Amino acid sequence: MAGNSQRRGRRLTPKAGAPKGTGGKNKDSLTGRGRTLPADERPWHKGYSGTEKLPQRTAWKQDKERRAAAEEGRAPKIGQPGSKDTTWGKGGGRGVPPARGAGGRGGKPTGRSGPRVAPGRKSNPAKDTPELLVGRNPVLEALRAHVPATALYTALGIDSDDRINEIVRTAADRGIALLEISRAELDRMTGGVLHQGVGLQVPPFAYEPFEDMLAAALEQPAPLLVALDGVTDPRNLGAVIRSAAAFGAQGVFVPERRAAGITATAWRTSAGAAARVPVGQVTNLTRTLKACKEAGFMVVGLDADGDTDLYNLEAAVGPLVVVVGSEGRGLSRLVGETCDLTVGIPMVSEVESLNASVAAAVALAEVARRRAVEA
């Protein structure tokens, strides 16, 4: 039509079409998201078979499927937790670079570590970042146990009660920074976790180098160390540290991967014993146990089907490393083969096994008793 070329606001460039390729503009939004994880690698799926800690809801789903399968007379459609490695090594799972799109373009190694997660899922926080302990009772218990803390966050307009008053008073007495922030900001910091208007920032735990721990133990007349093989519950770790302090152990060491570390929960459970007993992390537990053997220690693993009865453990009076297995699987194969001896705790009831921290306490108590008799 005449005159259209002179109208105001006319388009000078052609309309931009959708980006080339299947999916149009939505295709670009998927770049770098990685592959969709199979069911046996999803911690929230009943078919999960990974090596990371089994979430409580996933365990409930698997138990529900077992009951349904038993009623229908069929095999349950669930995974086998612990049977598939679901952690990244350097550059990829099991030392293999990740596939194209799995966290990096073109299949280049990313160098990340920790549990593998699907797009949109949060991974575990880095080990060197501060931890935020939330909830009125947990924060109060942590302060009573003298858990190291750097800051106390309280929400604006919080309803004060006896617990809040004691929390604020104790933090002030210890010189901990008191910060009052909005509830929305505290929600953001905690990721939506129920915090009851209070949060305690705990710095990363300073682990003892294993070489220093070993040298200090050898200076004692009766060297005693405790090793944990795959214990993933921080409360069990804290309880073992408390028992180690009570019965004269010079240190506790744990693997860096697939095991609990010293968190505020572990510190609180230890009742402050983590400040008195050195705790170390080792890269390879099997290699570390071999180093202990070379240094003159007898390495003894706790096992329900052990070769020797705990009450007949004559090696208890010499340099000793007591190895405690994980809550579910017990000692791993390589660790069990590395031990000089496996020891069982005699029980008169039909209980299959004891909790990891309880078994450690019983064994350490018997070691302390035998040493007192020999002294």
# chains A, B, ... in the order shown; residues from 1 in each chain; ligands from 1
call {"tool": "residues_around", "arguments": {"residues": "Ala266 (chain A)", "least_positions_apart": "4", "cutoff": "8 Å", "atoms": "only C-alpha atoms", "output": "VMD selection string"}}
result
chain A and resid 234 to 239 261 to 262 270
call {"tool": "residues_around", "arguments": {"residues": "Gln220 (chain A)", "least_positions_apart": "3", "cutoff": "12 Å", "atoms": "only C-alpha atoms", "output": "number ranges by chain"}}
result
A: 213-217, 223-225, 248-251, 318-320
call {"tool": "residues_around", "arguments": {"residues": "region 168-173 of chain A", "least_positions_apart": "2", "cutoff": "10 Å", "atoms": "only C-alpha atoms", "output": "PyMOL selection string"}}
result
chain A and resi 140+143-144+146+149-154+163-166+175-178+198+200
call {"tool": "write_last_selection", "arguments": {"atoms": "all heavy atoms", "output": "compact mmCIF listing (two decimals), in the first residue's frame"}}
result
# COMPACT_ATOMS: atom_id res chain seq x y z
N LEU A 140 20.06 -24.39 71.62
CA LEU A 140 20.30 -24.31 73.05
C LEU A 140 21.21 -25.44 73.52
O LEU A 140 22.15 -25.23 74.30
CB LEU A 140 18.97 -24.33 73.81
CG LEU A 140 19.06 -24.23 75.34
CD1 LEU A 140 19.81 -22.98 75.76
CD2 LEU A 140 17.66 -24.27 75.95
N LEU A 143 24.82 -24.78 72.44
CA LEU A 143 25.49 -23.79 73.28
C LEU A 143 25.83 -24.36 74.65
O LEU A 143 26.90 -24.06 75.21
CB LEU A 143 24.60 -22.55 73.43
CG LEU A 143 24.43 -21.70 72.16
CD1 LEU A 143 23.39 -20.62 72.38
CD2 LEU A 143 25.76 -21.08 71.75
N ARG A 144 24.95 -25.18 75.19
CA ARG A 144 25.24 -25.81 76.49
C ARG A 144 26.43 -26.76 76.39
O ARG A 144 27.19 -26.92 77.35
CB ARG A 144 24.02 -26.57 76.98
CG ARG A 144 22.89 -25.68 77.49
CD ARG A 144 21.66 -26.50 77.81
NE ARG A 144 20.59 -25.70 78.42
CZ ARG A 144 19.36 -26.17 78.67
NH1 ARG A 144 19.05 -27.44 78.37
NH2 ARG A 144 18.46 -25.39 79.22
N HIS A 146 28.94 -26.30 74.52
CA HIS A 146 30.10 -25.49 74.12
C HIS A 146 30.57 -25.81 72.71
O HIS A 146 31.78 -25.86 72.43
CB HIS A 146 31.26 -25.67 75.12
CG HIS A 146 30.95 -25.13 76.48
ND1 HIS A 146 31.08 -23.80 76.82
CD2 HIS A 146 30.47 -25.75 77.60
CE1 HIS A 146 30.71 -23.62 78.07
NE2 HIS A 146 30.33 -24.78 78.58
N ALA A 149 31.04 -21.66 67.90
CA ALA A 149 30.11 -20.93 67.06
C ALA A 149 30.66 -19.54 66.79
O ALA A 149 31.41 -18.98 67.61
CB ALA A 149 28.74 -20.83 67.73
N THR A 150 30.30 -19.00 65.63
CA THR A 150 30.80 -17.67 65.25
C THR A 150 29.70 -16.62 65.24
O THR A 150 30.00 -15.43 65.32
CB THR A 150 31.43 -17.74 63.85
OG1 THR A 150 30.49 -18.31 62.92
CG2 THR A 150 32.69 -18.60 63.87
N ALA A 151 28.44 -17.02 65.11
CA ALA A 151 27.36 -16.03 65.06
C ALA A 151 26.03 -16.68 65.44
O ALA A 151 25.81 -17.86 65.20
CB ALA A 151 27.26 -15.41 63.66
N LEU A 152 25.17 -15.88 66.06
CA LEU A 152 23.82 -16.29 66.39
C LEU A 152 22.85 -15.38 65.65
O LEU A 152 22.91 -14.16 65.80
CB LEU A 152 23.57 -16.21 67.89
CG LEU A 152 22.13 -16.49 68.35
CD1 LEU A 152 21.78 -17.97 68.12
CD2 LEU A 152 21.94 -16.12 69.82
N TYR A 153 21.98 -15.99 64.82
CA TYR A 153 20.99 -15.23 64.06
C TYR A 153 19.62 -15.39 64.72
O TYR A 153 19.20 -16.51 65.01
CB TYR A 153 20.92 -15.72 62.62
CG TYR A 153 22.18 -15.50 61.83
CD1 TYR A 153 23.15 -16.50 61.73
CD2 TYR A 153 22.42 -14.29 61.17
CE1 TYR A 153 24.31 -16.30 61.00
CE2 TYR A 153 23.57 -14.09 60.43
CZ TYR A 153 24.52 -15.09 60.36
OH TYR A 153 25.67 -14.90 59.64
N THR A 154 18.95 -14.26 64.94
CA THR A 154 17.58 -14.30 65.44
C THR A 154 16.70 -13.48 64.51
O THR A 154 17.13 -12.47 63.95
CB THR A 154 17.49 -13.73 66.87
OG1 THR A 154 17.98 -12.39 66.89
CG2 THR A 154 18.29 -14.58 67.85
N ARG A 163 13.79 -20.45 76.47
CA ARG A 163 14.88 -20.98 75.65
C ARG A 163 15.59 -19.86 74.90
O ARG A 163 16.83 -19.82 74.86
CB ARG A 163 14.34 -22.02 74.67
CG ARG A 163 13.84 -23.30 75.32
CD ARG A 163 13.18 -24.21 74.31
NE ARG A 163 11.98 -23.58 73.74
CZ ARG A 163 11.26 -24.11 72.75
NH1 ARG A 163 11.61 -25.27 72.23
NH2 ARG A 163 10.19 -23.48 72.30
N ILE A 164 14.83 -18.97 74.29
CA ILE A 164 15.44 -17.86 73.56
C ILE A 164 16.25 -16.98 74.50
O ILE A 164 17.36 -16.54 74.16
CB ILE A 164 14.35 -17.04 72.83
CG1 ILE A 164 13.74 -17.87 71.69
CG2 ILE A 164 14.93 -15.74 72.29
CD1 ILE A 164 14.71 -18.22 70.59
N ASN A 165 15.71 -16.71 75.68
CA ASN A 165 16.43 -15.88 76.64
C ASN A 165 17.76 -16.52 77.02
O ASN A 165 18.79 -15.84 77.12
CB ASN A 165 15.57 -15.65 77.88
CG ASN A 165 14.35 -14.79 77.59
OD1 ASN A 165 14.35 -14.00 76.65
ND2 ASN A 165 13.29 -14.95 78.38
N GLU A 166 17.75 -17.84 77.25
CA GLU A 166 19.00 -18.51 77.62
C GLU A 166 19.96 -18.56 76.44
O GLU A 166 21.18 -18.43 76.62
CB GLU A 166 18.70 -19.93 78.11
CG GLU A 166 19.94 -20.66 78.61
CD GLU A 166 19.64 -22.04 79.16
OE1 GLU A 166 18.44 -22.37 79.34
OE2 GLU A 166 20.61 -22.80 79.41
N GLY A 175 30.76 -14.39 73.94
CA GLY A 175 31.32 -13.46 72.96
C GLY A 175 30.94 -13.78 71.53
O GLY A 175 31.64 -13.36 70.59
N ILE A 176 29.84 -14.52 71.32
CA ILE A 176 29.38 -14.86 69.99
C ILE A 176 28.60 -13.67 69.42
O ILE A 176 27.77 -13.07 70.10
CB ILE A 176 28.49 -16.11 70.01
CG1 ILE A 176 29.29 -17.31 70.53
CG2 ILE A 176 27.92 -16.42 68.63
CD1 ILE A 176 28.45 -18.55 70.77
N ALA A 177 28.85 -13.34 68.17
CA ALA A 177 28.17 -12.20 67.54
C ALA A 177 26.67 -12.47 67.46
O ALA A 177 26.23 -13.55 67.04
CB ALA A 177 28.73 -11.97 66.14
N LEU A 178 25.87 -11.47 67.86
CA LEU A 178 24.41 -11.57 67.81
C LEU A 178 23.90 -10.72 66.67
O LEU A 178 24.13 -9.50 66.64
CB LEU A 178 23.80 -11.10 69.14
CG LEU A 178 24.29 -11.80 70.41
CD1 LEU A 178 23.63 -11.19 71.64
CD2 LEU A 178 23.99 -13.29 70.34
N VAL A 198 15.55 -18.84 64.95
CA VAL A 198 16.91 -18.78 65.50
C VAL A 198 17.83 -19.72 64.72
O VAL A 198 17.41 -20.80 64.29
CB VAL A 198 16.91 -19.14 67.01
CG1 VAL A 198 16.46 -20.58 67.22
CG2 VAL A 198 18.27 -18.92 67.63
N LEU A 200 22.26 -20.88 64.54
CA LEU A 200 23.61 -20.76 65.09
C LEU A 200 24.62 -21.17 64.03
O LEU A 200 24.57 -22.28 63.51
CB LEU A 200 23.77 -21.66 66.33
CG LEU A 200 25.08 -21.55 67.10
CD1 LEU A 200 25.19 -20.19 67.78
CD2 LEU A 200 25.19 -22.68 68.13
call {"tool": "residues_around", "arguments": {"residues": "Leu289 (chain A)", "least_positions_apart": "6", "cutoff": "12 Å", "atoms": "only C-alpha atoms", "output": "PyMOL selection string"}}
result
chain A and resi 210+214+225-229+253-255+282-283+295-301+320-323+334-340
call {"tool": "write_last_selection", "arguments": {"atoms": "C-alpha atoms", "output": "compact mmCIF listing (two decimals), in the first residue's frame"}}
result
# COMPACT_ATOMS: atom_id res chain seq x y z
CA PHE A 210 46.64 -38.46 61.05
CA LEU A 214 49.63 -41.50 65.35
CA LEU A 225 42.97 -45.47 68.47
CA VAL A 226 39.45 -45.87 67.09
CA ALA A 227 38.63 -46.06 63.36
CA LEU A 228 35.14 -45.81 61.87
CA ASP A 229 34.41 -47.62 58.62
CA PHE A 253 39.78 -41.22 62.55
CA VAL A 254 37.20 -41.55 59.78
CA PRO A 255 37.27 -41.75 55.96
CA VAL A 282 41.91 -40.03 56.07
CA THR A 283 41.73 -40.46 52.32
CA ALA A 295 53.80 -48.68 63.42
CA GLY A 296 53.23 -51.66 65.74
CA PHE A 297 49.48 -51.52 66.33
CA MET A 298 47.21 -54.54 66.37
CA VAL A 299 44.16 -53.76 64.21
CA VAL A 300 40.94 -55.32 65.55
CA GLY A 301 37.60 -55.08 63.76
CA LEU A 320 45.49 -51.29 69.55
CA VAL A 321 43.24 -49.89 66.83
CA VAL A 322 39.55 -50.73 67.23
CA VAL A 323 37.64 -50.56 63.93
CA LEU A 334 38.80 -54.61 52.24
CA VAL A 335 38.82 -53.25 55.78
CA GLY A 336 37.83 -56.65 57.17
CA GLU A 337 40.66 -58.31 55.25
CA THR A 338 43.13 -55.69 56.54
CA CYS A 339 42.26 -56.29 60.20
CA ASP A 340 44.58 -58.63 62.10
call {"tool": "select_by_dssp", "arguments": {"residues": "region 87-327 of chain A", "states": "helix (DSSP H, G or I)", "output": "ChimeraX atom specification"}}
result
/A:105-107,136-144,162-173,183-190,210-218,234-246,264-269,273-275,285-294,310-312,314-317
call {"tool": "residues_around", "arguments": {"residues": "Ala245 (chain A)", "least_positions_apart": "6", "cutoff": "8 Å", "atoms": "only C-alpha atoms", "output": "list of chain:residue names"}}
result
A:Ala273, A:Arg276, A:Val277
call {"tool": "closest_residue", "arguments": {"among": "A:Gly325, A:Gln80, A:Ala39, A:Thr58", "to": "Asp233 (chain A)", "atoms": "only C-alpha atoms"}}
result
A:Gly325
call {"tool": "atom_distance", "arguments": {"atom1": "CA of Thr308 (chain A)", "atom2": "CA of Leu218 (chain A)"}}
result
25.5 Å
call {"tool": "closest_residue", "arguments": {"among": "A:Ala155, A:Leu354, A:Ile241, A:Val252", "to": "Pro209 (chain A)", "atoms": "only C-alpha atoms"}}
result
A:Val252
call {"tool": "residues_around", "arguments": {"residues": "Lys64 (chain A)", "least_positions_apart": "4", "cutoff": "12 Å", "atoms": "only C-alpha atoms", "output": "ChimeraX atom specification"}}
result
/A:46,57-60,68-71,76-78
call {"tool": "select_by_dssp", "arguments": {"residues": "region 103-292 of chain A", "states": "strand (DSSP E or B)", "output": "PyMOL selection string"}}
result
chain A and resi 114-115+131-134+151-155+177-181+198-202+224-228+251-255+279-282
call {"tool": "atom_distance", "arguments": {"atom1": "CA of Ala145 (chain A)", "atom2": "CA of Ala259 (chain A)"}}
result
23.1 Å
